[in-house]
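Pasting model-v1.txt here (compact mmCIF, C-alpha atoms):
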```txt
# COMPACT_ATOMS: atom_id res chain seq x y z
CA MET A 12 0.00 0.00 0.00
CA THR A 13 1.49 3.38 -1.04
CA ASN A 14 1.57 6.39 1.26
CA GLN A 15 -1.02 8.12 -0.95
CA ARG A 16 -3.51 5.21 -0.60
CA VAL A 17 -2.98 5.15 3.19
CA ALA A 18 -3.68 8.88 3.36
CA VAL A 19 -6.89 8.49 1.33
CA SER A 20 -7.98 5.61 3.58
CA VAL A 21 -7.31 7.67 6.76
CA ARG A 22 -9.18 10.66 5.29
CA LYS A 23 -12.19 8.40 4.52
CA TRP A 24 -12.16 6.99 8.05
CA VAL A 25 -11.93 10.49 9.58
CA GLY A 26 -14.73 11.65 7.28
CA LEU A 27 -16.94 8.74 8.33
CA HIS A 28 -16.13 9.39 11.99
CA HIS A 29 -17.15 13.07 11.63
CA LEU A 30 -20.34 12.07 9.80
CA VAL A 31 -21.31 9.68 12.60
CA MET A 32 -20.57 12.40 15.19
CA VAL A 33 -22.69 14.98 13.36
CA CYS A 34 -25.57 12.49 13.08
CA LEU A 35 -25.34 11.69 16.79
CA MET A 36 -25.20 15.39 17.69
CA GLY A 37 -28.35 15.89 15.63
CA LEU A 38 -30.02 13.02 17.48
CA ALA A 39 -28.86 14.33 20.86
CA GLY A 40 -30.54 17.64 20.10
CA CYS A 41 -33.89 15.89 19.89
CA THR A 42 -35.66 16.77 23.10
CA THR A 43 -39.44 16.78 23.09
CA THR A 44 -41.19 19.17 25.45
CA THR A 45 -44.93 19.47 26.05
CA VAL A 46 -46.43 22.30 28.11
CA ASP A 47 -50.03 22.28 29.38
CA GLN A 48 -51.80 25.15 31.04
CA PHE A 49 -54.94 25.06 33.15
CA ARG A 50 -56.31 28.47 34.10
CA GLN A 51 -58.74 28.81 37.00
CA GLY A 52 -58.73 32.56 37.47
CA GLU A 53 -57.63 35.93 36.13
CA THR A 54 -54.03 36.98 36.70
CA GLY A 55 -51.96 40.13 36.45
CA ILE A 56 -49.11 41.73 38.34
CA GLU A 57 -48.15 45.33 39.15
CA SER A 58 -44.58 46.57 38.88
CA HIS A 59 -44.23 46.86 42.68
CA GLU A 60 -45.40 43.27 43.20
CA SER A 61 -43.34 40.08 43.17
CA ILE A 62 -43.69 36.32 43.13
CA VAL A 63 -41.94 33.53 45.01
CA ILE A 64 -41.29 30.11 43.47
CA LEU A 65 -41.03 27.27 46.01
CA GLY A 66 -40.23 23.59 45.55
CA ARG A 67 -42.51 20.95 47.05
CA ARG A 68 -40.53 18.65 49.35
CA GLN A 69 -43.21 16.66 51.12
CA GLY A 70 -42.88 13.51 48.98
CA SER A 71 -41.24 10.43 50.47
CA THR A 72 -39.74 9.20 47.19
CA TYR A 73 -38.37 12.42 45.72
CA GLU A 74 -38.07 16.13 46.35
CA THR A 75 -38.06 18.99 43.88
CA ARG A 76 -34.46 20.06 43.34
CA GLU A 77 -33.44 23.55 44.48
CA GLU A 78 -31.44 24.00 41.27
CA PHE A 79 -34.55 23.54 39.10
CA VAL A 80 -36.58 25.99 41.19
CA SER A 81 -33.74 28.50 41.01
CA CYS A 82 -33.47 28.00 37.21
CA VAL A 83 -37.20 28.74 36.73
CA GLY A 84 -36.95 31.81 38.98
CA GLU A 85 -33.93 33.16 37.13
CA ARG A 86 -35.64 32.80 33.72
CA VAL A 87 -38.97 34.27 34.90
CA SER A 88 -37.15 37.39 36.11
CA ARG A 89 -35.25 37.74 32.81
CA GLY A 90 -36.10 39.93 29.82
CA SER A 91 -38.20 43.02 29.19
CA ARG A 92 -41.28 41.29 30.67
CA GLY A 93 -39.28 39.99 33.65
CA ILE A 94 -41.08 39.62 36.98
CA ARG A 95 -39.45 40.28 40.36
CA VAL A 96 -38.82 36.86 41.91
CA ILE A 97 -37.88 36.45 45.59
CA PRO A 98 -35.13 33.79 45.93
CA GLU A 99 -36.50 30.57 47.43
CA GLN A 100 -34.02 30.09 50.29
CA GLU A 101 -34.18 33.76 51.31
CA PHE A 102 -37.99 33.55 51.52
CA ILE A 103 -38.00 30.23 53.45
CA ASP A 104 -35.39 31.49 55.94
CA SER A 105 -37.12 34.81 56.33
CA LEU A 106 -40.46 33.11 57.10
CA PHE A 107 -38.97 30.31 59.20
CA PRO A 108 -40.57 28.03 60.46
CA TRP A 109 -43.74 28.41 58.35
CA PHE A 110 -42.55 27.13 54.96
CA GLU A 111 -40.49 24.11 56.02
CA PRO A 112 -41.36 20.68 54.49
CA ARG A 113 -43.37 19.75 57.61
CA THR A 114 -45.16 23.07 58.06
CA ALA A 115 -45.66 24.52 54.55
CA PRO A 116 -49.29 25.06 53.49
CA LEU A 117 -50.55 22.27 51.23
CA ARG A 118 -53.87 23.92 50.26
CA THR A 119 -54.96 27.50 49.72
CA ALA A 120 -57.14 27.20 52.85
CA ASP A 121 -53.94 26.50 54.83
CA LEU A 122 -52.41 29.66 53.36
CA GLN A 123 -55.43 31.66 54.53
CA THR A 124 -55.00 30.25 58.06
CA LEU A 125 -51.28 30.99 57.93
CA MET A 126 -51.88 34.60 56.88
CA GLU A 127 -53.86 35.14 60.09
CA GLU A 128 -50.44 35.17 61.80
CA ASP A 129 -49.49 38.87 61.76
CA ILE A 130 -45.77 38.05 61.54
CA VAL A 131 -46.30 36.01 58.36
CA ALA A 132 -48.73 38.48 56.75
CA ASP A 133 -46.34 41.39 57.44
CA LYS A 134 -43.32 39.59 55.94
CA ILE A 135 -45.26 38.63 52.79
CA ALA A 136 -46.54 42.21 52.48
CA ASP A 137 -42.97 43.54 52.93
CA TYR A 138 -41.80 41.39 50.01
CA GLY A 139 -44.80 42.54 47.94
CA ILE A 140 -45.65 38.93 47.07
CA ARG A 141 -48.73 38.58 44.87
CA TYR A 142 -48.32 34.95 43.80
CA ILE A 143 -46.81 31.87 45.42
CA VAL A 144 -45.81 29.28 42.80
CA TRP A 145 -45.36 25.69 43.99
CA VAL A 146 -43.12 23.66 41.70
CA ASP A 147 -43.37 19.90 42.10
CA GLY A 148 -41.57 17.27 40.02
CA GLN A 149 -38.38 15.48 39.15
CA THR A 150 -36.19 14.18 36.33
CA GLU A 151 -35.93 10.42 35.97
CA THR A 152 -33.31 8.52 33.99
CA THR A 153 -34.42 5.31 32.30
CA ASN A 154 -33.42 2.89 29.53
CA ARG A 155 -29.69 2.85 30.23
CA MET A 156 -28.01 0.84 27.48
CA GLY A 157 -24.53 -0.03 26.20
CA SER A 158 -21.12 -0.03 27.80
CA ILE A 159 -17.80 1.73 27.39
CA SER A 160 -14.44 0.09 28.11
CA CYS A 161 -11.30 2.09 28.69
CA ALA A 162 -7.72 0.82 28.79
CA VAL A 163 -4.34 2.41 29.49
CA GLY A 164 -1.02 0.97 28.33
CA PRO A 165 2.59 2.11 28.02
CA GLY A 166 1.87 3.48 24.54
CA GLY A 167 -1.23 5.43 25.58
CA GLY A 168 -4.86 4.75 26.36
CA GLY A 169 -8.33 5.00 24.98
CA CYS A 170 -11.96 4.04 25.29
CA PHE A 171 -14.27 2.12 23.02
CA GLY A 172 -18.00 1.51 23.23
CA PHE A 173 -21.33 3.24 23.25
CA GLY A 174 -23.74 4.24 26.03
CA SER A 175 -27.16 5.83 25.96
CA TRP A 176 -29.99 6.69 28.32
CA GLU A 177 -33.29 8.54 28.35
CA ASP A 178 -34.19 11.43 30.66
CA ASP A 179 -37.78 12.37 31.47
CA SER A 180 -38.57 15.62 33.32
CA ASN A 181 -42.06 16.10 34.71
CA PHE A 182 -42.84 19.30 36.59
CA ASP A 183 -46.04 21.07 37.69
CA ALA A 184 -46.26 24.71 38.77
CA ARG A 185 -49.36 25.59 40.82
CA VAL A 186 -50.00 29.32 41.12
CA TRP A 187 -51.67 30.67 44.28
CA ASP A 188 -52.98 34.23 44.42
CA VAL A 189 -52.03 35.60 47.84
CA SER A 190 -54.59 38.41 47.61
CA SER A 191 -57.58 36.04 47.23
CA PHE A 192 -56.13 32.83 48.80
CA SER A 193 -57.12 30.92 45.69
CA SER A 194 -55.44 28.72 43.13
CA VAL A 195 -55.45 30.55 39.78
CA GLY A 196 -53.93 27.85 37.60
CA THR A 197 -51.47 25.07 36.94
CA ILE A 198 -48.76 24.76 34.29
CA SER A 199 -47.33 21.33 33.56
CA THR A 200 -44.28 20.48 31.51
CA ASP A 201 -43.08 17.11 30.29
CA SER A 202 -39.73 16.94 28.56
CA THR A 203 -38.00 13.80 27.27
CA GLY A 204 -34.74 13.24 25.45
CA GLN A 205 -32.10 10.67 24.66
CA SER A 206 -28.42 11.16 25.53
CA TYR A 207 -25.53 9.30 23.87
CA VAL A 208 -21.88 8.75 24.70
CA PRO A 209 -19.98 7.20 21.77
CA ALA A 210 -16.37 6.40 22.59
CA ILE A 211 -13.85 5.93 19.82
CA VAL A 212 -10.58 6.56 21.67
CA ILE A 213 -12.17 9.57 23.43
CA PRO A 214 -15.70 9.43 24.95
CA ILE A 215 -17.86 12.18 23.44
CA PRO A 216 -20.92 12.96 25.59
CA LEU A 217 -23.88 14.12 23.49
CA LEU A 218 -26.28 15.14 26.21
CA ALA A 219 -29.93 16.03 25.76
CA ARG A 220 -30.76 19.19 27.72
CA VAL A 221 -33.97 17.72 29.08
CA GLU A 222 -34.22 19.48 32.44
CA ALA A 223 -32.91 22.76 31.00
CA ASN A 224 -35.61 22.61 28.30
CA ALA A 225 -38.27 21.84 30.92
CA CYS A 226 -37.03 24.84 32.92
CA ASP A 227 -37.10 27.17 29.87
CA SER A 228 -40.58 26.06 28.78
CA LEU A 229 -42.07 26.24 32.26
CA ALA A 230 -40.53 29.64 32.96
CA THR A 231 -41.70 31.17 29.65
CA GLN A 232 -45.25 29.92 30.16
CA LEU A 233 -45.29 30.93 33.83
CA GLN A 234 -44.13 34.46 32.98
CA GLU A 235 -46.93 34.87 30.42
CA PHE A 236 -49.46 33.28 32.76
CA VAL A 237 -48.67 35.61 35.67
CA ILE A 238 -48.59 38.72 33.50
CA GLY A 239 -51.99 37.63 32.23
CA ASP A 240 -51.35 37.99 28.51
CA PRO A 241 -54.82 37.80 26.90
CA GLN A 242 -53.40 35.82 23.95
CA VAL A 243 -52.29 33.08 26.32
CA ALA A 244 -55.32 33.08 28.59
CA GLN A 245 -57.55 30.09 27.93
CA MET B 10 17.84 -10.61 66.28
CA ALA B 11 15.30 -10.26 69.11
CA TYR B 12 15.67 -6.50 68.83
CA MET B 13 14.88 -6.68 65.10
CA ARG B 14 11.76 -8.82 65.74
CA LYS B 15 10.60 -6.38 68.43
CA ALA B 16 11.11 -3.42 66.10
CA ARG B 17 9.25 -5.21 63.28
CA ASN B 18 6.34 -6.02 65.62
CA SER B 19 6.20 -2.40 66.79
CA ILE B 20 6.12 -1.13 63.20
CA CYS B 21 3.35 -3.61 62.29
CA THR B 22 1.31 -2.60 65.37
CA GLY B 23 1.80 1.07 64.52
CA LEU B 24 0.70 0.52 60.95
CA ALA B 25 -2.34 -1.46 62.09
CA ILE B 26 -3.35 1.39 64.42
CA LEU B 27 -2.85 3.91 61.62
CA LEU B 28 -4.89 1.83 59.20
CA SER B 29 -7.71 1.33 61.70
CA ALA B 30 -7.66 5.09 62.43
CA CYS B 31 -7.99 5.75 58.69
CA GLY B 32 -11.11 3.52 58.68
CA VAL B 33 -13.32 5.98 60.55
CA ASN B 34 -14.39 9.11 58.71
CA SER B 35 -15.13 12.03 60.97
CA VAL B 36 -17.99 14.41 60.21
CA VAL B 37 -18.38 17.49 62.40
CA VAL B 38 -21.85 18.79 61.54
CA GLU B 39 -21.91 22.50 60.77
CA GLY B 40 -24.90 24.59 59.81
CA SER B 41 -26.59 27.92 60.33
CA TYR B 42 -30.19 28.12 61.46
CA PRO B 43 -32.72 30.90 60.93
CA THR B 44 -34.53 32.60 63.79
CA PRO B 45 -38.21 31.61 64.11
CA ASN B 46 -40.83 34.25 63.37
CA ILE B 47 -43.22 33.55 66.21
CA ARG B 48 -44.68 35.41 69.17
CA PRO B 49 -42.37 34.83 72.16
CA PHE B 50 -43.75 33.26 75.35
CA PRO B 51 -43.74 35.82 78.16
CA MET B 52 -41.32 33.99 80.43
CA THR B 53 -37.69 33.72 81.45
CA LEU B 54 -36.35 30.34 80.46
CA GLY B 55 -33.25 28.71 81.89
CA VAL B 56 -31.61 26.26 79.50
CA TYR B 57 -29.25 23.50 80.50
CA PHE B 58 -27.23 21.51 77.96
CA ASP B 59 -25.66 18.46 79.59
CA ASP B 60 -22.27 17.09 78.51
CA GLU B 61 -23.94 14.18 76.71
CA LEU B 62 -25.68 16.62 74.34
CA LYS B 63 -22.67 18.93 73.97
CA ASN B 64 -20.38 16.03 73.02
CA TYR B 65 -22.93 13.91 71.16
CA THR B 66 -21.32 11.70 68.50
CA TYR B 67 -23.14 9.08 66.48
CA ILE B 68 -21.14 6.15 65.12
CA GLU B 69 -22.26 4.49 61.89
CA TYR B 70 -20.99 0.93 61.51
CA THR B 71 -20.27 -1.10 58.39
CA GLU B 72 -22.26 -4.29 57.77
CA ASP B 73 -19.46 -6.29 59.38
CA GLY B 74 -19.48 -4.15 62.52
CA LYS B 75 -16.52 -1.82 61.90
CA GLU B 76 -16.76 1.88 62.71
CA GLU B 77 -17.33 3.75 59.44
CA TYR B 78 -18.48 7.31 60.18
CA ALA B 79 -18.31 9.34 63.40
CA VAL B 80 -20.91 12.11 63.21
CA SER B 81 -20.29 14.83 65.82
CA ALA B 82 -23.62 16.63 66.18
CA GLY B 83 -23.41 18.07 69.71
CA GLN B 84 -22.13 21.57 69.00
CA THR B 85 -24.52 22.16 66.10
CA HIS B 86 -27.43 21.40 68.46
CA ILE B 87 -26.14 24.11 70.84
CA THR B 88 -25.93 26.54 67.86
CA LEU B 89 -29.50 25.63 66.90
CA PHE B 90 -30.97 26.13 70.38
CA GLU B 91 -29.03 29.38 70.83
CA SER B 92 -30.70 30.63 67.65
CA VAL B 93 -34.20 29.30 68.30
CA LEU B 94 -34.81 29.78 72.05
CA PRO B 95 -34.22 33.59 72.25
CA ALA B 96 -36.96 34.01 69.61
CA MET B 97 -39.35 31.71 71.49
CA PHE B 98 -39.02 33.23 74.97
CA GLU B 99 -38.77 36.80 76.24
CA GLN B 100 -35.56 36.01 78.09
CA VAL B 101 -33.19 33.03 78.02
CA VAL B 102 -30.51 32.26 80.62
CA VAL B 103 -27.95 29.54 79.82
CA LEU B 104 -27.17 27.54 82.96
CA ASN B 105 -23.83 25.79 83.48
CA ASP B 106 -25.29 23.65 86.21
CA MET B 107 -28.83 22.52 87.05
CA THR B 108 -28.31 23.62 90.66
CA ALA B 109 -27.85 27.23 89.45
CA ALA B 110 -31.52 27.32 88.38
CA SER B 111 -32.84 28.10 91.85
CA THR B 112 -30.78 31.32 92.08
CA ALA B 113 -31.01 32.38 88.41
CA ARG B 114 -34.55 33.86 88.63
CA VAL B 115 -35.93 31.72 85.85
CA ASP B 116 -39.55 30.56 85.47
CA ALA B 117 -38.55 27.12 84.18
CA VAL B 118 -35.55 25.16 82.95
CA PHE B 119 -35.47 23.48 79.55
CA SER B 120 -33.13 20.54 78.97
CA PRO B 121 -33.00 18.67 75.63
CA HIS B 122 -31.56 15.16 75.24
CA ILE B 123 -30.88 13.04 72.14
CA GLU B 124 -32.41 9.59 72.63
CA GLU B 125 -31.74 8.06 69.24
CA PHE B 126 -29.98 9.00 66.01
CA GLN B 127 -30.35 7.09 62.75
CA LEU B 128 -28.48 7.61 59.53
CA ALA B 129 -29.36 6.10 56.15
CA LEU B 130 -26.65 6.18 53.51
CA PRO B 131 -27.44 5.75 49.77
CA GLN B 132 -24.83 3.00 49.41
CA LYS B 133 -26.75 0.93 51.99
CA THR B 134 -30.38 1.86 51.24
CA ARG B 135 -30.00 2.00 47.43
CA LEU B 136 -32.03 5.22 47.52
CA ASP B 137 -30.86 8.50 46.00
CA ALA B 138 -30.75 10.35 49.32
CA TYR B 139 -28.95 10.72 52.63
CA GLU B 140 -31.46 10.57 55.47
CA VAL B 141 -31.20 11.42 59.16
CA TRP B 142 -33.81 10.71 61.82
CA VAL B 143 -33.41 11.90 65.41
CA LYS B 144 -35.53 11.21 68.49
CA TYR B 145 -35.31 13.71 71.36
CA ASN B 146 -36.48 13.72 74.94
CA MET B 147 -37.39 17.27 75.91
CA GLN B 148 -37.69 18.16 79.58
CA LEU B 149 -39.18 21.28 81.14
CA LEU B 150 -38.47 21.56 84.87
CA ARG B 151 -39.30 23.91 87.71
CA PRO B 152 -36.27 25.79 89.15
CA ASN B 153 -36.32 23.35 92.10
CA GLY B 154 -35.94 20.40 89.68
CA ASP B 155 -39.55 19.13 89.70
CA TYR B 156 -40.94 18.05 86.33
CA ILE B 157 -43.38 20.26 84.42
CA ALA B 158 -43.30 18.24 81.21
CA ASP B 159 -41.32 15.47 79.61
CA TRP B 160 -42.08 14.76 75.96
CA ILE B 161 -40.71 13.17 72.80
CA VAL B 162 -39.95 15.09 69.59
CA THR B 163 -38.74 13.49 66.36
CA SER B 164 -37.08 15.16 63.42
CA TYR B 165 -36.21 14.08 59.90
CA GLY B 166 -33.90 15.47 57.26
CA LYS B 167 -32.79 14.32 53.86
CA THR B 168 -30.65 15.54 51.02
CA PRO B 169 -30.30 14.06 47.53
CA SER B 170 -27.14 12.17 46.63
CA GLU B 171 -25.41 13.82 43.70
CA SER B 172 -22.47 12.66 41.63
CA LEU B 173 -19.99 15.27 42.88
CA ARG B 174 -21.17 15.31 46.51
CA SER B 175 -18.98 13.66 49.15
CA VAL B 176 -20.54 11.31 51.71
CA GLU B 177 -19.44 13.71 54.49
CA SER B 178 -21.25 16.60 52.80
CA GLY B 179 -24.39 14.45 52.35
CA ILE B 180 -24.39 13.46 56.04
CA ASN B 181 -23.84 17.08 57.08
CA ASP B 182 -26.68 18.45 54.92
CA ALA B 183 -29.14 15.73 55.94
CA THR B 184 -28.35 16.37 59.64
CA VAL B 185 -28.76 20.13 59.21
CA GLY B 186 -32.12 19.38 57.51
CA ALA B 187 -33.16 17.28 60.50
CA LEU B 188 -32.17 20.08 62.88
CA ARG B 189 -34.21 22.62 60.88
CA ASP B 190 -37.12 20.20 61.11
CA LEU B 191 -36.59 19.98 64.88
CA ALA B 192 -36.53 23.79 65.14
CA SER B 193 -39.73 24.22 63.14
CA ASN B 194 -41.58 21.45 64.94
CA PHE B 195 -40.36 22.43 68.42
CA SER B 196 -41.02 26.16 68.03
CA LEU B 197 -44.57 25.64 66.73
CA SER B 198 -45.60 22.77 69.01
CA PHE B 199 -44.02 23.81 72.35
CA GLY B 200 -47.13 25.61 73.60
CA ALA B 201 -49.37 22.74 72.46
CA VAL B 202 -47.74 20.06 74.66
CA PRO B 203 -50.61 19.42 77.17
CA GLU B 204 -48.49 19.71 80.37
CA VAL B 205 -46.69 22.80 79.06
CA ARG B 206 -50.00 24.41 78.03
CA GLU B 207 -51.48 23.78 81.48
CA TRP B 208 -48.40 25.20 83.16
CA LEU B 209 -48.38 28.28 80.90
CA GLU B 210 -52.07 28.92 81.59
CA ALA B 211 -51.41 28.72 85.32
CA GLN B 212 -48.64 31.35 85.13
```

Kindly transcribe the structure held in the file into structure tokens.
Amino acid sequence: MTNQRVAVSVRKWVGLHHLVMVCLMGLAGCTTTTVDQFRQGETGIESHESIVILGRRQGSTYETREEFVSCVGERVSRGSRGIRVIPEQEFIDSLFPWFEPRTAPLRTADLQTLMEEDIVADKIADYGIRYIVWVDGQTETTNRMGSISCAVGPGGGGCFGFGSWEDDSNFDARVWDVSSFSSVGTISTDSTGQSYVPAIVIPIPLLARVEANACDSLATQLQEFVIGDPQVAQ
Amino acid sequence: MAYMRKARNSICTGLAILLSACGVNSVVVEGSYPTPNIRPFPMTLGVYFDDELKNYTYIEYTEDGKEEYAVSAGQTHITLFESVLPAMFEQVVVLNDMTAASTARVDAVFSPHIEEFQLALPQKTRLDAYEVWVKYNMQLLRPNGDYIADWIVTSYGKTPSESLRSVESGINDATVGALRDLASNFSLSFGAVPEVREWLEAQ
């Protein structure tokens, strides 16, 4: 085999490798997100008012991750239509011990009872909170497949194999109006996606941004819902 | 020759001690606790922390009975009560000795005790969380040492296990969660304990 033929063969292999990578990247980008909205009442928010987004942590099998709640809050407060969002931990600490997993109100009637405590009502008024949003959900990983083997020798090392898994994020956001002690609606998001890690010498993780997409979708819808955009109202 | 054998034995013993010492991982629980937003009880409370509480250490054993984790949770309990009690009572006096209560002009003396501590590690439970469960015996006494109330409080805390989180950090966060739960439960239910309520009404 001449040097020229070897070079052509290597170029073909590299080309094929790149083609496979591009295809996999395209596949990894495939995340499906569905958002549902159920409106029970009129909404709207003044510039001096704010919202607080809290994670539900009463479940025995899972608890809503702080990072997800913080992601939704950060995105809701972003942009020209951004809403003032009180950080979750600041609010919980400031109203301690009324919003701990054991003591947090589970129904709007509980919130009404809680607001009879002057200390709680004053703190919520000081923050200018109009809506309390309860986020409940988790991301589950299923269908893990494949395996990757790595080896190191005197001449170097490398990995070979293929792994994949599916992530499924399911989150609900229930919106309570503090001024009327009523539930004004629920937004649900379901996001699924497949992640791949092909390893040909180097493992290349092609990760589906499932939870990030769920966060983006939920936050966008929540922002519009709270502002009360008539085009979105059902 | 005998000297060499003795030296070799000493080195082996030393190494064995070092290895066994490396086997126990120490966790000193550290956390900060918020002050409760509640109406304070109109009373002066004496509080006595005994040495058992101050130096409380829970030992978690491996399945074959070896010491695996030593969780020192005494000092963090003192930090918690020092944050919670001044918000619950108009005045709080820390007593170094129970006998000091009679001269300290306090209405009652509160003394907490840890009865049981349980730790659940993800590597043992196969769950994605570190969990801590604590059972307390709370005592409220008259300055002369007579009982007003003696009741049980339980608390629970958990924190998810994450890929970059160390076991020590997981144990710490779950314990701090359990202490927050204790603070919220204790501060809201203190006045509802039947014997305490009766005593408060009689004041």

Would you mind telling me which residue in B:His86, B:Lys144, B:Lys167, B:Arg174 lies nearest to chain A when using all atoms listed in the file?
->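 Checking each of B:His86, B:Lys144, B:Lys167, B:Arg174 against chain A, counting all atoms listed in the file, the winner is B:Lys167.
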
Would you list which chain B residues are within 6 Å of chain A using all atoms listed in the file, as a ChimeraX atom specification?
-> /B:43,45,193

Centre and size of axis-aligned box enclosing range 97-115 of chain A plus 3 Å each side, as JSON:
```
{"center_x": -39.8, "center_y": 28.1, "center_z": 53.0, "size_x": 17.6, "size_y": 22.7, "size_z": 20.9}
```

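Interatomic distance, CA of Thr53 in chain B to CA of Val103 in chain B: 10.7 Å.
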
Counting only C-alpha atoms, which of B:Ala82, B:Val115, B:Ala158, B:Met97 gets nearest to Leu188 in chain B?
->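 Closest candidate: B:Ala82.
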
Close residues, Asp182 in chain B itself excluded, 9 Å, all atoms listed in the file, min 5 positions apart in chain, as a PyMOL selection string = chain B and resi 38-40+139+166-168+177+187

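The interatomic distance for the pair CA of Val80 in chain A and CA of Gly174 in chain A works out to 29.5 Å.
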
Taking all atoms listed in the file into account, which of B:Gly32, B:Gly83, B:Gly179, B:Pro121 comes nearest Val56 in chain B?
->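 For Val56 in chain B, the nearest of the candidates is B:Pro121.
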
For Cys226 in chain A, list every protein, DNA or RNA residue within 9 Å, evaluated using all atoms listed in the file, and leave out those in the same chain fewer than 4 positions away; present the list as a ChimeraX atom specification.
-> /A:79-80,82-83,86,182,200,221-222,230-231

Closest of A:Arg118, A:Ile56, A:Ile62, A:Gln205 to Ser193 in chain A, counting all atoms listed in the file, is A:Arg118

Can you work out the spacing between CA of Val101 in chain B and CA of Val162 in chain B in Å, to one decimal?
-> 20.9 Å

Contacts of Ser196 in chain B at 12 Å (only C-alpha atoms; same-chain gap of 4+ positions) as a VMD selection string = (chain A and resid 107 to 109 114) or (chain B and resid 43 to 50 89 to 90 92 to 98 162 188 to 192 200 to 202)
